[in-house]
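**Student:** Here it is, the structure in full.
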Amino acid sequence: MAGKSKILVIGGTGYIGKFIVEASANAGHPTFILVRESTLCNTASPKSNLIQSFRSSSVNFILGDLYDHESLVKAIKQVDVVISTVGYAQLNDQDKIVAAIKEAGNVKRFFPSEFGNDVDRVHAVEPAKSTFGHKAQFRRLVEAAGVPYTYVSSNFFAGIFVRTLAQLDAIAPPRDKVVILGDGNTKEASVPLNVRLAICHSVFVMGDHTNFEIEPSFGVEASELYPDVKYATVDEMLDQYRTNPRGSTQTQNGKKQEQGLEPQSELEIQEPTWIKGGQQVISH
Ligand SMILES: NC(=O)c1ccc[n+]([C@@H]2O[C@H](COP(=O)([O-])OP(=O)(O)OC[C@H]3O[C@@H](n4cnc5c(N)ncnc54)[C@H](OP(=O)(O)O)[C@@H]3O)[C@@H](O)[C@H]2O)c1
């Protein structure tokens, strides 16, 4: 492990965080997660199997909380790289991580919780406009803090959106019909559907994943940066439903579970699937 950066993931028990923790540990990085005591000790929680699998992968747990400054500084002092994968509810409080990074003074790179649209290049309507706006504002705070940073704009996670053909409430590809958004008629929706619809409007109607070139002045396309990574195509992803509609897949608790056209558990771990094209990494 000599020469490998030590990596701290804040939010490592979340949807995207668990993949990043797993990838970091598999790549041989000494990997740490900041975890709340309530999550670590709750054996009845659906996350307890995840915690157990992290233990088997030699992931180091550091007890702490985003809202406990001392615990953040203590955790950050032990690593070289900090990756935030906190969820929607904590996005606006990531300034606490920056404050702790500045106090700790040892961090070589910070990855804020991004992992979606390039928020500096969106044309969203509300309420997505404000959500993206908060992420963009946080970018400015990180830049002003002088901490080396990388923003990962992964667009939509293919593992969520391809397997449902981007149908908002589906958990498997629909067989009878698909709804194609954007007929020009404004419709009312309440929280949280309006957030999801507004994000879909940005992506599918405004084309915010693909309507700009990734210029060297602000980013690099991920497949150029990591040419050795094998990407799955959309066809390959959908093939699993065509050829194996009642197939099985590994779940978090190690049991096989029906996959394909039947509902799947929310906690099911699938390989994170990255589709070539449009994924962008912005580093300074
Ligand atoms: N591109 C896409 O398709 C897509 C889809 C979803 C999300 N995203 C983006 O990915 C990022 C992560 O979202 P997510 O859905 O993966 O998040 P999530 O599942 O809600 O996970 C949130 C994580 O933050 C942790 N956390 C919450 N409060 C905390 C606190 N006070 N102190 C320390 N940790 C705390 C949670 O820990 P506990 O386990 O203790 O609760 C959990 O590990 C976001 O920026 C989101 O916008 C992108």
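Ordering of the structure tokens sets the chain letters (A, B, ...), residue numbers begin anew at 1 in every chain, and ligands are numbered from 1 in the order given.
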Per residue of chain A within 6 Å of ligand 1, note the shortest atom pair and the distance in Å to one decimal, counting only C-alpha atoms and all ligand atoms, and order the rows by chain and increasing residue number, as a tab-separated table.
**Tutor:**
```
residue	atom	partner	partner_atom_place_in_ligand_line	distance
A:Ile10	CA	ligand 1	34 (N)	5.8
A:Gly11	CA	ligand 1	43 (O)	3.3
A:Gly12	CA	ligand 1	43 (O)	4.7
A:Thr13	CA	ligand 1	43 (O)	3.6
A:Gly14	CA	ligand 1	21 (O)	3.2
A:Tyr15	CA	ligand 1	16 (O)	3.6
A:Ile16	CA	ligand 1	16 (O)	3.9
A:Gly17	CA	ligand 1	16 (O)	5.7
A:Val35	CA	ligand 1	33 (C)	5.9
A:Arg36	CA	ligand 1	40 (O)	5.3
A:Thr39	CA	ligand 1	40 (O)	4.8
A:Asp65	CA	ligand 1	32 (N)	3.7
A:Leu66	CA	ligand 1	32 (N)	3.7
A:Tyr67	CA	ligand 1	31 (N)	5.6
A:Thr85	CA	ligand 1	12 (C)	4.5
A:Val86	CA	ligand 1	24 (O)	3.7
A:Gly87	CA	ligand 1	17 (O)	3.3
A:Tyr88	CA	ligand 1	47 (O)	5.6
A:Ser113	CA	ligand 1	45 (O)	4.2
A:Glu114	CA	ligand 1	45 (O)	4.3
A:Phe115	CA	ligand 1	9 (C)	4.9
A:Gly116	CA	ligand 1	1 (N)	3.8
A:Ser154	CA	ligand 1	1 (N)	5.9
A:Asn155	CA	ligand 1	1 (N)	4.9
A:Phe156	CA	ligand 1	3 (O)	3.6
A:Phe157	CA	ligand 1	3 (O)	3.8
```
**Student:** Taking only stretch 84-242 of chain A into account, list the residues labelled strand (DSSP E or B) by DSSP (computed from the backbone), as a ChimeraX atom specification.
**Tutor:** /A:84,109-111,149-153,220-221
**Student:** Quote the spacing between atom CA of A:Val220 and atom CA of A:Thr150 in Å to one decimal place.
**Tutor:**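 Interatomic distance here is 11.0 Å.
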**Student:** Report as a PyMOL selection string all protein, DNA and RNA residues lying within 7 Å of stretch 191-207 of chain A, evaluated on only C-alpha atoms, omitting residues in the same chain fewer than 2 positions from it.
**Tutor:** chain A and resi 122-128+182+189+209-211
**Student:** Figure out the distance between atom CA of A:Glu213 and atom CA of A:Val142, please, to one decimal in Å.
**Tutor:** 23.9 Å
**Student:** Residues at most 9 Å from A:Val82, counting only C-alpha atoms, excluding those fewer than 3 positions away in the same chain, as a list in words?
**Tutor:**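 Here the qualifying residues turn out to be Lys6, Ile7, Leu8, Val9, Ile10, Ile76, Val79, Ile97, Ile101, Val107, Lys108, Arg109, Phe110, Phe111 and Pro112 of chain A.
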**Student:** Just write the chosen residues, N, CA and C atoms, as an mmCIF file, in the first residue's frame.
**Tutor:**
```cif
data_model
loop_
_atom_site.group_PDB
_atom_site.id
_atom_site.type_symbol
_atom_site.label_atom_id
_atom_site.label_comp_id
_atom_site.auth_asym_id
_atom_site.auth_seq_id
_atom_site.Cartn_x
_atom_site.Cartn_y
_atom_site.Cartn_z
ATOM 1 N N LYS A 6 -4.353 7.852 1.261
ATOM 2 C CA LYS A 6 -5.372 7.432 2.240
ATOM 3 C C LYS A 6 -6.636 8.232 1.957
ATOM 4 N N ILE A 7 -7.735 7.516 1.880
ATOM 5 C CA ILE A 7 -8.982 8.154 1.427
ATOM 6 C C ILE A 7 -10.063 8.085 2.492
ATOM 7 N N LEU A 8 -10.651 9.237 2.760
ATOM 8 C CA LEU A 8 -11.790 9.292 3.691
ATOM 9 C C LEU A 8 -13.056 9.577 2.892
ATOM 10 N N VAL A 9 -14.066 8.725 3.061
ATOM 11 C CA VAL A 9 -15.368 8.986 2.423
ATOM 12 C C VAL A 9 -16.347 9.428 3.515
ATOM 13 N N ILE A 10 -16.927 10.598 3.315
ATOM 14 C CA ILE A 10 -17.955 11.092 4.246
ATOM 15 C C ILE A 10 -19.294 10.857 3.553
ATOM 16 N N ILE A 76 -10.180 13.822 9.291
ATOM 17 C CA ILE A 76 -9.500 14.366 8.102
ATOM 18 C C ILE A 76 -7.981 14.356 8.291
ATOM 19 N N VAL A 79 -5.934 11.363 6.789
ATOM 20 C CA VAL A 79 -5.978 10.958 5.372
ATOM 21 C C VAL A 79 -5.359 12.010 4.446
ATOM 22 N N ILE A 97 -17.283 20.681 6.049
ATOM 23 C CA ILE A 97 -16.144 19.835 5.648
ATOM 24 C C ILE A 97 -14.975 20.728 5.223
ATOM 25 N N ILE A 101 -11.289 20.808 6.723
ATOM 26 C CA ILE A 101 -10.116 20.570 5.867
ATOM 27 C C ILE A 101 -9.099 21.695 6.061
ATOM 28 N N VAL A 107 -4.843 18.059 3.682
ATOM 29 C CA VAL A 107 -5.555 17.354 2.601
ATOM 30 C C VAL A 107 -5.023 17.748 1.229
ATOM 31 N N LYS A 108 -4.748 16.733 0.403
ATOM 32 C CA LYS A 108 -4.178 16.994 -0.926
ATOM 33 C C LYS A 108 -5.275 17.181 -1.976
ATOM 34 N N ARG A 109 -6.462 16.625 -1.711
ATOM 35 C CA ARG A 109 -7.546 16.766 -2.693
ATOM 36 C C ARG A 109 -8.904 16.524 -2.040
ATOM 37 N N PHE A 110 -9.878 17.335 -2.461
ATOM 38 C CA PHE A 110 -11.242 17.211 -1.941
ATOM 39 C C PHE A 110 -12.203 17.016 -3.106
ATOM 40 N N PHE A 111 -13.057 16.012 -2.967
ATOM 41 C CA PHE A 111 -14.121 15.774 -3.943
ATOM 42 C C PHE A 111 -15.454 16.111 -3.260
ATOM 43 N N PRO A 112 -16.109 17.220 -3.629
ATOM 44 C CA PRO A 112 -17.431 17.510 -3.047
ATOM 45 C C PRO A 112 -18.491 16.525 -3.548
#
```
**Student:** Please identify all polymer residues within 9 Å of A:Ile62, counting only C-alpha atoms, omitting same-chain residues fewer than 3 positions from it, and present them as a list in words.
**Tutor:**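 Those residues are Phe32, Ile33, Leu34, Val35, Arg36, Ser71, Lys74 and Ala75 of chain A.
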**Student:** Please produce a file of those selected residues containing C-alpha atoms, as a tab-separated table (two decimals), in the first residue's frame.
**Tutor:**
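Output (out_37.tsv):
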```tsv
chain	number	residue	atom	x	y	z
A	32	PHE	CA	-11.72	5.27	5.90
A	33	ILE	CA	-15.36	6.17	6.33
A	34	LEU	CA	-16.77	8.74	8.70
A	35	VAL	CA	-19.78	7.01	10.16
A	36	ARG	CA	-22.35	8.00	12.72
A	71	SER	CA	-14.75	14.65	14.84
A	74	LYS	CA	-9.79	14.33	13.69
A	75	ALA	CA	-10.90	12.10	10.80
```
**Student:** As JSON, numbers by chain, please: every residue in stretch 82-157 of chain A that DSSP puts in alpha helix (DSSP H).
**Tutor:** {"A": [95, 96, 97, 98, 99, 100, 101, 102, 103, 104, 128, 129, 130, 131, 132, 133, 134, 135, 136, 137, 138, 139, 140, 141, 142, 143, 144, 145]}
